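What's in run_9.txt: compact mmCIF, N, CA and C atoms
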```txt
# COMPACT_ATOMS: atom_id res chain seq x y z
N MET A 16 1.67 28.89 8.73
CA MET A 16 2.25 28.94 7.40
C MET A 16 1.13 28.77 6.40
N GLU A 17 1.10 29.62 5.40
CA GLU A 17 0.05 29.61 4.39
C GLU A 17 0.01 28.27 3.65
N GLY A 18 -1.18 27.73 3.51
CA GLY A 18 -1.36 26.49 2.77
C GLY A 18 -1.43 25.25 3.63
N VAL A 19 -0.69 25.19 4.71
CA VAL A 19 -0.75 24.03 5.60
C VAL A 19 -1.92 24.25 6.55
N THR A 20 -2.81 23.27 6.64
CA THR A 20 -3.99 23.41 7.49
C THR A 20 -4.19 22.20 8.38
N LEU A 21 -4.78 22.44 9.53
CA LEU A 21 -5.12 21.38 10.46
C LEU A 21 -6.64 21.26 10.49
N LEU A 22 -7.13 20.09 10.11
CA LEU A 22 -8.56 19.81 10.15
C LEU A 22 -8.85 19.05 11.43
N LYS A 23 -9.46 19.71 12.38
CA LYS A 23 -9.72 19.09 13.68
C LYS A 23 -10.94 18.18 13.60
N GLY A 24 -10.85 17.10 14.33
CA GLY A 24 -11.94 16.14 14.41
C GLY A 24 -12.47 16.06 15.81
N GLY A 25 -12.94 14.89 16.16
CA GLY A 25 -13.48 14.68 17.49
C GLY A 25 -13.64 13.20 17.75
N ALA A 26 -14.28 12.90 18.84
CA ALA A 26 -14.52 11.51 19.21
C ALA A 26 -15.81 11.43 20.01
N HIS A 27 -16.47 10.29 19.88
CA HIS A 27 -17.68 10.01 20.65
C HIS A 27 -17.49 8.66 21.32
N THR A 28 -17.71 8.63 22.62
CA THR A 28 -17.56 7.40 23.38
C THR A 28 -18.86 7.08 24.09
N ASP A 29 -19.25 5.81 24.01
CA ASP A 29 -20.39 5.33 24.79
C ASP A 29 -20.11 3.88 25.17
N ALA A 30 -21.11 3.18 25.65
CA ALA A 30 -20.93 1.81 26.13
C ALA A 30 -20.44 0.86 25.04
N ARG A 31 -20.65 1.22 23.79
CA ARG A 31 -20.25 0.34 22.68
C ARG A 31 -18.81 0.54 22.25
N GLY A 32 -18.18 1.62 22.70
CA GLY A 32 -16.81 1.91 22.30
C GLY A 32 -16.65 3.36 21.90
N GLN A 33 -15.66 3.61 21.06
CA GLN A 33 -15.37 4.98 20.65
C GLN A 33 -15.34 5.11 19.13
N ILE A 34 -15.85 6.22 18.65
CA ILE A 34 -15.74 6.59 17.24
C ILE A 34 -14.90 7.87 17.18
N ALA A 35 -13.78 7.80 16.47
CA ALA A 35 -12.95 8.98 16.23
C ALA A 35 -13.22 9.43 14.79
N PHE A 36 -13.28 10.74 14.57
CA PHE A 36 -13.66 11.23 13.24
C PHE A 36 -13.00 12.56 12.92
N VAL A 37 -12.87 12.79 11.62
CA VAL A 37 -12.48 14.10 11.08
C VAL A 37 -13.44 14.33 9.91
N ASN A 38 -14.60 14.82 10.22
CA ASN A 38 -15.67 14.94 9.23
C ASN A 38 -15.39 15.97 8.14
N ASP A 39 -14.48 16.90 8.37
CA ASP A 39 -14.17 17.91 7.36
C ASP A 39 -13.13 17.46 6.34
N PHE A 40 -12.57 16.26 6.53
CA PHE A 40 -11.57 15.76 5.59
C PHE A 40 -12.27 15.16 4.38
N GLN A 41 -12.01 15.73 3.21
CA GLN A 41 -12.56 15.24 1.95
C GLN A 41 -11.48 14.44 1.22
N PHE A 42 -11.87 13.43 0.47
CA PHE A 42 -10.91 12.56 -0.20
C PHE A 42 -10.70 12.83 -1.70
N PRO A 43 -11.29 13.85 -2.31
CA PRO A 43 -11.07 14.05 -3.75
C PRO A 43 -9.58 14.15 -4.06
N GLY A 44 -9.16 13.41 -5.06
CA GLY A 44 -7.76 13.46 -5.49
C GLY A 44 -6.83 12.50 -4.77
N VAL A 45 -7.26 11.92 -3.66
CA VAL A 45 -6.39 10.98 -2.94
C VAL A 45 -6.32 9.68 -3.73
N LYS A 46 -5.09 9.24 -4.01
CA LYS A 46 -4.89 8.03 -4.81
C LYS A 46 -4.33 6.86 -4.01
N ARG A 47 -3.77 7.13 -2.84
CA ARG A 47 -3.19 6.04 -2.05
C ARG A 47 -3.00 6.49 -0.62
N PHE A 48 -2.76 5.51 0.24
CA PHE A 48 -2.36 5.81 1.60
C PHE A 48 -1.39 4.74 2.06
N TYR A 49 -0.62 5.09 3.08
CA TYR A 49 0.30 4.12 3.67
C TYR A 49 0.38 4.39 5.16
N GLN A 50 0.87 3.39 5.88
CA GLN A 50 0.95 3.45 7.34
C GLN A 50 2.41 3.37 7.76
N ILE A 51 2.79 4.23 8.69
CA ILE A 51 4.15 4.24 9.24
C ILE A 51 4.04 3.94 10.73
N THR A 52 4.82 2.98 11.19
CA THR A 52 4.89 2.65 12.61
C THR A 52 6.31 2.91 13.10
N HIS A 53 6.44 3.69 14.16
CA HIS A 53 7.75 3.94 14.75
C HIS A 53 7.82 3.21 16.09
N PRO A 54 8.71 2.24 16.21
CA PRO A 54 8.80 1.46 17.44
C PRO A 54 9.35 2.24 18.63
N ASP A 55 10.09 3.32 18.36
CA ASP A 55 10.62 4.13 19.46
C ASP A 55 10.60 5.59 19.07
N THR A 56 11.03 6.45 19.97
CA THR A 56 10.94 7.89 19.74
C THR A 56 12.24 8.52 19.25
N SER A 57 13.23 7.71 18.96
CA SER A 57 14.51 8.27 18.50
C SER A 57 14.58 8.41 16.98
N VAL A 58 13.67 7.78 16.26
CA VAL A 58 13.71 7.78 14.80
C VAL A 58 13.10 9.07 14.25
N VAL A 59 13.83 9.71 13.34
CA VAL A 59 13.35 10.90 12.64
C VAL A 59 13.33 10.58 11.15
N ARG A 60 12.21 10.81 10.50
CA ARG A 60 12.10 10.66 9.05
C ARG A 60 11.97 12.07 8.47
N ALA A 61 13.07 12.61 7.99
CA ALA A 61 13.04 13.97 7.46
C ALA A 61 14.24 14.13 6.52
N TRP A 62 14.18 15.02 5.66
CA TRP A 62 13.08 15.78 5.11
C TRP A 62 12.77 15.23 3.72
N GLN A 63 11.51 15.05 3.41
CA GLN A 63 11.07 14.63 2.09
C GLN A 63 10.26 15.78 1.50
N GLY A 64 10.73 16.31 0.38
CA GLY A 64 10.05 17.43 -0.23
C GLY A 64 9.29 17.03 -1.48
N HIS A 65 8.23 17.78 -1.76
CA HIS A 65 7.40 17.50 -2.93
C HIS A 65 6.90 18.81 -3.53
N GLN A 66 7.15 18.98 -4.82
CA GLN A 66 6.67 20.16 -5.52
C GLN A 66 5.26 19.97 -6.04
N VAL A 67 4.83 18.72 -6.22
CA VAL A 67 3.52 18.41 -6.79
C VAL A 67 2.63 17.65 -5.81
N GLU A 68 3.23 16.80 -5.01
CA GLU A 68 2.45 15.92 -4.13
C GLU A 68 1.85 16.66 -2.93
N HIS A 69 0.60 16.34 -2.65
CA HIS A 69 -0.13 16.85 -1.49
C HIS A 69 -0.25 15.69 -0.51
N LYS A 70 0.15 15.91 0.74
CA LYS A 70 0.09 14.84 1.75
C LYS A 70 -0.81 15.25 2.90
N TYR A 71 -1.44 14.24 3.47
CA TYR A 71 -2.34 14.41 4.62
C TYR A 71 -1.89 13.41 5.69
N PHE A 72 -1.77 13.86 6.93
CA PHE A 72 -1.25 13.04 8.02
C PHE A 72 -2.32 12.85 9.10
N TYR A 73 -2.48 11.60 9.55
CA TYR A 73 -3.47 11.26 10.58
C TYR A 73 -2.87 10.22 11.52
N VAL A 74 -2.86 10.50 12.81
CA VAL A 74 -2.30 9.57 13.79
C VAL A 74 -3.38 8.59 14.25
N VAL A 75 -3.07 7.31 14.11
CA VAL A 75 -3.97 6.23 14.51
C VAL A 75 -3.72 5.80 15.95
N LYS A 76 -2.44 5.82 16.34
CA LYS A 76 -2.04 5.38 17.68
C LYS A 76 -0.87 6.23 18.15
N GLY A 77 -0.90 6.64 19.41
CA GLY A 77 0.20 7.42 19.97
C GLY A 77 0.18 8.86 19.51
N SER A 78 1.38 9.41 19.26
CA SER A 78 1.48 10.80 18.81
C SER A 78 2.74 11.00 17.98
N PHE A 79 2.67 11.97 17.10
CA PHE A 79 3.78 12.33 16.22
C PHE A 79 3.92 13.84 16.17
N ALA A 80 5.16 14.29 16.01
CA ALA A 80 5.42 15.66 15.57
C ALA A 80 5.54 15.57 14.05
N VAL A 81 4.72 16.34 13.35
CA VAL A 81 4.78 16.41 11.89
C VAL A 81 5.23 17.82 11.54
N ALA A 82 6.36 17.92 10.86
CA ALA A 82 6.98 19.22 10.58
C ALA A 82 6.96 19.51 9.08
N TRP A 83 7.05 20.81 8.77
CA TRP A 83 7.11 21.21 7.38
C TRP A 83 7.95 22.47 7.24
N VAL A 84 8.50 22.63 6.05
CA VAL A 84 9.30 23.79 5.69
C VAL A 84 9.09 24.03 4.20
N GLN A 85 9.19 25.28 3.79
CA GLN A 85 9.01 25.62 2.37
C GLN A 85 10.38 25.97 1.78
N PRO A 86 10.98 25.04 1.02
CA PRO A 86 12.29 25.31 0.44
C PRO A 86 12.28 26.53 -0.48
N ASP A 87 13.32 27.33 -0.37
CA ASP A 87 13.45 28.51 -1.24
C ASP A 87 14.16 28.17 -2.54
N ASP A 88 14.89 27.07 -2.54
CA ASP A 88 15.60 26.59 -3.73
C ASP A 88 15.64 25.07 -3.60
N TRP A 89 15.00 24.36 -4.50
CA TRP A 89 14.87 22.91 -4.37
C TRP A 89 16.20 22.19 -4.56
N SER A 90 17.14 22.78 -5.27
CA SER A 90 18.44 22.14 -5.46
C SER A 90 19.39 22.39 -4.30
N LYS A 91 19.32 23.61 -3.74
CA LYS A 91 20.20 23.96 -2.62
C LYS A 91 19.47 24.96 -1.72
N PRO A 92 18.56 24.47 -0.87
CA PRO A 92 17.79 25.38 -0.02
C PRO A 92 18.64 26.00 1.08
N SER A 93 18.24 27.17 1.51
CA SER A 93 18.92 27.86 2.60
C SER A 93 18.79 27.05 3.89
N ALA A 94 19.85 27.02 4.67
CA ALA A 94 19.82 26.33 5.97
C ALA A 94 19.09 27.14 7.03
N MET A 95 18.74 28.38 6.72
CA MET A 95 18.12 29.27 7.70
C MET A 95 16.61 29.40 7.55
N LEU A 96 15.98 28.53 6.82
CA LEU A 96 14.53 28.62 6.62
C LEU A 96 13.77 28.29 7.90
N PRO A 97 12.65 28.96 8.13
CA PRO A 97 11.84 28.63 9.31
C PRO A 97 11.06 27.34 9.08
N ALA A 98 11.11 26.45 10.05
CA ALA A 98 10.33 25.21 10.00
C ALA A 98 9.25 25.28 11.07
N PHE A 99 8.18 24.59 10.82
CA PHE A 99 7.03 24.57 11.72
C PHE A 99 6.65 23.13 11.99
N TYR A 100 5.98 22.90 13.10
CA TYR A 100 5.48 21.54 13.33
C TYR A 100 4.19 21.59 14.13
N GLU A 101 3.46 20.52 14.00
CA GLU A 101 2.20 20.33 14.72
C GLU A 101 2.31 18.98 15.42
N THR A 102 1.86 18.92 16.66
CA THR A 102 1.79 17.65 17.37
C THR A 102 0.43 17.04 17.12
N LEU A 103 0.44 15.86 16.52
CA LEU A 103 -0.80 15.12 16.26
C LEU A 103 -0.88 13.97 17.24
N ASN A 104 -2.06 13.76 17.81
CA ASN A 104 -2.25 12.77 18.86
C ASN A 104 -3.50 11.97 18.55
N ALA A 105 -3.43 10.65 18.68
CA ALA A 105 -4.59 9.80 18.40
C ALA A 105 -5.77 10.14 19.29
N GLY A 106 -5.53 10.68 20.47
CA GLY A 106 -6.60 11.05 21.39
C GLY A 106 -7.34 12.31 20.99
N HIS A 107 -6.79 13.05 20.02
CA HIS A 107 -7.41 14.29 19.51
C HIS A 107 -7.40 14.21 17.99
N PRO A 108 -8.35 13.51 17.39
CA PRO A 108 -8.32 13.27 15.95
C PRO A 108 -8.21 14.56 15.14
N ALA A 109 -7.30 14.54 14.18
CA ALA A 109 -7.10 15.68 13.28
C ALA A 109 -6.30 15.20 12.07
N VAL A 110 -6.48 15.87 10.96
CA VAL A 110 -5.71 15.61 9.75
C VAL A 110 -4.91 16.87 9.44
N LEU A 111 -3.60 16.71 9.27
CA LEU A 111 -2.75 17.82 8.87
C LEU A 111 -2.55 17.74 7.36
N SER A 112 -2.93 18.79 6.66
CA SER A 112 -2.83 18.88 5.21
C SER A 112 -1.59 19.68 4.84
N VAL A 113 -0.64 19.03 4.15
CA VAL A 113 0.59 19.70 3.70
C VAL A 113 0.56 19.71 2.18
N PRO A 114 0.29 20.88 1.58
CA PRO A 114 0.15 20.96 0.13
C PRO A 114 1.49 20.88 -0.60
N PRO A 115 1.44 20.82 -1.93
CA PRO A 115 2.67 20.83 -2.71
C PRO A 115 3.51 22.07 -2.39
N GLY A 116 4.83 21.90 -2.54
CA GLY A 116 5.73 23.03 -2.32
C GLY A 116 6.41 23.03 -0.97
N PHE A 117 6.21 21.95 -0.21
CA PHE A 117 6.80 21.85 1.13
C PHE A 117 7.60 20.57 1.27
N ALA A 118 8.55 20.58 2.20
CA ALA A 118 9.21 19.36 2.65
C ALA A 118 8.64 19.04 4.02
N ASN A 119 8.54 17.76 4.32
CA ASN A 119 7.97 17.36 5.61
C ASN A 119 8.88 16.37 6.31
N GLY A 120 8.67 16.25 7.61
CA GLY A 120 9.39 15.29 8.42
C GLY A 120 8.53 14.87 9.59
N ILE A 121 8.82 13.70 10.14
CA ILE A 121 8.03 13.19 11.26
C ILE A 121 8.93 12.58 12.32
N LYS A 122 8.40 12.60 13.54
CA LYS A 122 9.05 11.93 14.67
C LYS A 122 7.97 11.47 15.63
N ALA A 123 8.01 10.18 15.99
CA ALA A 123 7.06 9.67 16.98
C ALA A 123 7.40 10.24 18.35
N LEU A 124 6.37 10.59 19.09
CA LEU A 124 6.56 11.13 20.44
C LEU A 124 6.22 10.10 21.51
N GLU A 125 5.68 8.96 21.08
CA GLU A 125 5.38 7.84 21.96
C GLU A 125 5.82 6.56 21.27
N LYS A 126 6.26 5.60 22.04
CA LYS A 126 6.68 4.31 21.52
C LYS A 126 5.52 3.65 20.76
N ASP A 127 5.84 3.00 19.64
CA ASP A 127 4.89 2.26 18.81
C ASP A 127 3.76 3.12 18.25
N SER A 128 4.03 4.37 17.98
CA SER A 128 3.03 5.25 17.37
C SER A 128 2.80 4.86 15.91
N VAL A 129 1.57 5.10 15.44
CA VAL A 129 1.18 4.72 14.08
C VAL A 129 0.59 5.94 13.37
N LEU A 130 1.09 6.19 12.16
CA LEU A 130 0.67 7.35 11.37
C LEU A 130 0.16 6.87 10.01
N LEU A 131 -1.00 7.39 9.59
CA LEU A 131 -1.49 7.17 8.23
C LEU A 131 -1.14 8.40 7.41
N VAL A 132 -0.66 8.16 6.19
CA VAL A 132 -0.35 9.25 5.27
C VAL A 132 -1.13 9.01 3.99
N TYR A 133 -1.89 10.02 3.58
CA TYR A 133 -2.65 9.98 2.33
C TYR A 133 -1.95 10.86 1.31
N SER A 134 -2.02 10.46 0.03
CA SER A 134 -1.33 11.19 -1.03
C SER A 134 -2.21 11.34 -2.26
N ASN A 135 -2.01 12.43 -2.97
CA ASN A 135 -2.74 12.64 -4.22
C ASN A 135 -2.01 12.06 -5.43
N LEU A 136 -0.85 11.44 -5.22
CA LEU A 136 -0.09 10.85 -6.32
C LEU A 136 0.06 9.34 -6.14
N THR A 137 0.21 8.65 -7.26
CA THR A 137 0.55 7.23 -7.19
C THR A 137 1.98 7.11 -6.69
N LEU A 138 2.40 5.92 -6.33
CA LEU A 138 3.76 5.70 -5.86
C LEU A 138 4.77 6.09 -6.95
N GLU A 139 4.48 5.74 -8.18
CA GLU A 139 5.38 6.06 -9.29
C GLU A 139 5.48 7.58 -9.50
N GLN A 140 4.35 8.26 -9.44
CA GLN A 140 4.36 9.72 -9.59
C GLN A 140 5.12 10.39 -8.44
N SER A 141 4.92 9.88 -7.24
CA SER A 141 5.59 10.44 -6.06
C SER A 141 7.10 10.29 -6.17
N ALA A 142 7.55 9.15 -6.68
CA ALA A 142 8.99 8.90 -6.81
C ALA A 142 9.66 9.92 -7.73
N GLU A 143 8.90 10.43 -8.70
CA GLU A 143 9.45 11.43 -9.63
C GLU A 143 9.39 12.85 -9.06
N ASP A 144 8.73 13.00 -7.92
CA ASP A 144 8.56 14.31 -7.28
C ASP A 144 9.16 14.31 -5.87
N ARG A 145 10.21 13.54 -5.67
CA ARG A 145 10.78 13.37 -4.33
C ARG A 145 12.11 14.11 -4.22
N TRP A 146 12.18 14.96 -3.23
CA TRP A 146 13.39 15.70 -2.93
C TRP A 146 13.80 15.35 -1.50
N GLN A 147 15.03 14.90 -1.31
CA GLN A 147 15.54 14.52 0.01
C GLN A 147 16.46 15.61 0.54
N PHE A 148 16.26 15.96 1.79
CA PHE A 148 17.13 16.93 2.46
C PHE A 148 17.58 16.34 3.79
N ASP A 149 18.72 16.78 4.27
CA ASP A 149 19.30 16.26 5.51
C ASP A 149 18.38 16.51 6.70
N ALA A 150 18.21 15.50 7.54
CA ALA A 150 17.34 15.60 8.72
C ALA A 150 17.81 16.66 9.71
N GLY A 151 19.08 17.01 9.67
CA GLY A 151 19.61 18.00 10.60
C GLY A 151 19.30 19.44 10.24
N LEU A 152 18.74 19.66 9.06
CA LEU A 152 18.39 21.02 8.65
C LEU A 152 17.11 21.49 9.34
N TRP A 153 17.02 22.78 9.59
CA TRP A 153 15.81 23.53 9.89
C TRP A 153 15.15 23.30 11.24
N LEU A 154 15.32 22.16 11.86
CA LEU A 154 14.59 21.89 13.10
C LEU A 154 15.45 21.04 14.02
N ASP A 155 15.45 21.37 15.30
CA ASP A 155 16.14 20.56 16.30
C ASP A 155 15.17 19.51 16.82
N TRP A 156 15.22 18.34 16.23
CA TRP A 156 14.28 17.27 16.56
C TRP A 156 14.41 16.80 18.00
N ASN A 157 15.56 17.03 18.62
CA ASN A 157 15.75 16.61 20.02
C ASN A 157 14.98 17.47 21.00
N ASN A 158 14.57 18.66 20.56
CA ASN A 158 13.83 19.56 21.45
C ASN A 158 12.33 19.58 21.17
N ILE A 159 11.86 18.55 20.53
CA ILE A 159 10.41 18.44 20.29
C ILE A 159 9.86 17.43 21.29
```
Encoded form (structure tokens):
Amino acid sequence: MEGVTLLKGGAHTDARGQIAFVNDFQFPGVKRFYQITHPDTSVVRAWQGHQVEHKYFYVVKGSFAVAWVQPDDWSKPSAMLPAFYETLNAGHPAVLSVPPGFANGIKALEKDSVLLVYSNLTLEQSAEDRWQFDAGLWLDWNNI
């Protein structure tokens, strides 16, 4: 899908431990970040849409399915829109960039998974750009 990009990273391990990195991720415009922990794999957080906010997703522990869809009408989007997802895993460092104009959703694929989310908006700005859609739309989360 145009606009959504995956910035792949890597890891280096030696006797001192491991360094995980995503060297192509730049921070210009990022104003905050937050951490989401899912204790089990049954929880789905979807769909949160943003016309202005740009979000970046990075898994610290475990793995997540991070999904996105581009609403055709923000007040009443079609139920037939194609949704896409990427599996992010702490063992394969990567940042998923979801630009403005998309709704996103997440689901942990392993117990106690941890996700960092970076945003280009303050919390107050984000609250004014938040669109909620039913989690049952666009994607069958049980088949991920």
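Checking A:Ala142, A:Ala35, A:Leu154, A:Val19 one by one against Met95 (chain A), counting only C-alpha atoms, you find the shortest gap at A:Leu154.
The nearest approach to Ser93 (chain A) among the residues A:Trp153, A:Val132, A:Ile121, A:Lys23, with only N, CA and C atoms taken into account, belongs to A:Trp153.
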Near-region 133-135 of chain A list (8 Å; all atoms listed in the file; drop same-chain fewer than 6 positions) as a ChimeraX atom specification = /A:43-50,67-73,141
Mind giving me the straight-line distance from CA of Gly25 (chain A) to CA of Leu103 (chain A) in Å, one decimal?
-> 12.7 Å
So how far away is atom N of Val74 (chain A) from atom N of Ala26 (chain A), in Å?
-> 13.1 Å
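Among the candidates A:Leu124, A:Leu96, A:Val84, A:Val129, the residue lying nearest to Gly18 (chain A) is A:Val84 (atoms considered: only C-alpha atoms).
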Tell me which protein, DNA and RNA residues are within 7 Å of Gln63 (chain A), counting all atoms listed in the file, leaving out same-chain ones fewer than 2 positions away, and put them as a PyMOL selection string.
-> chain A and resi 60-61+65+117-120+145-148
Could you work out how far CA of Thr20 (chain A) lies from CA of Phe42 (chain A), giving the answer in Å with one decimal?
-> 15.0 Å
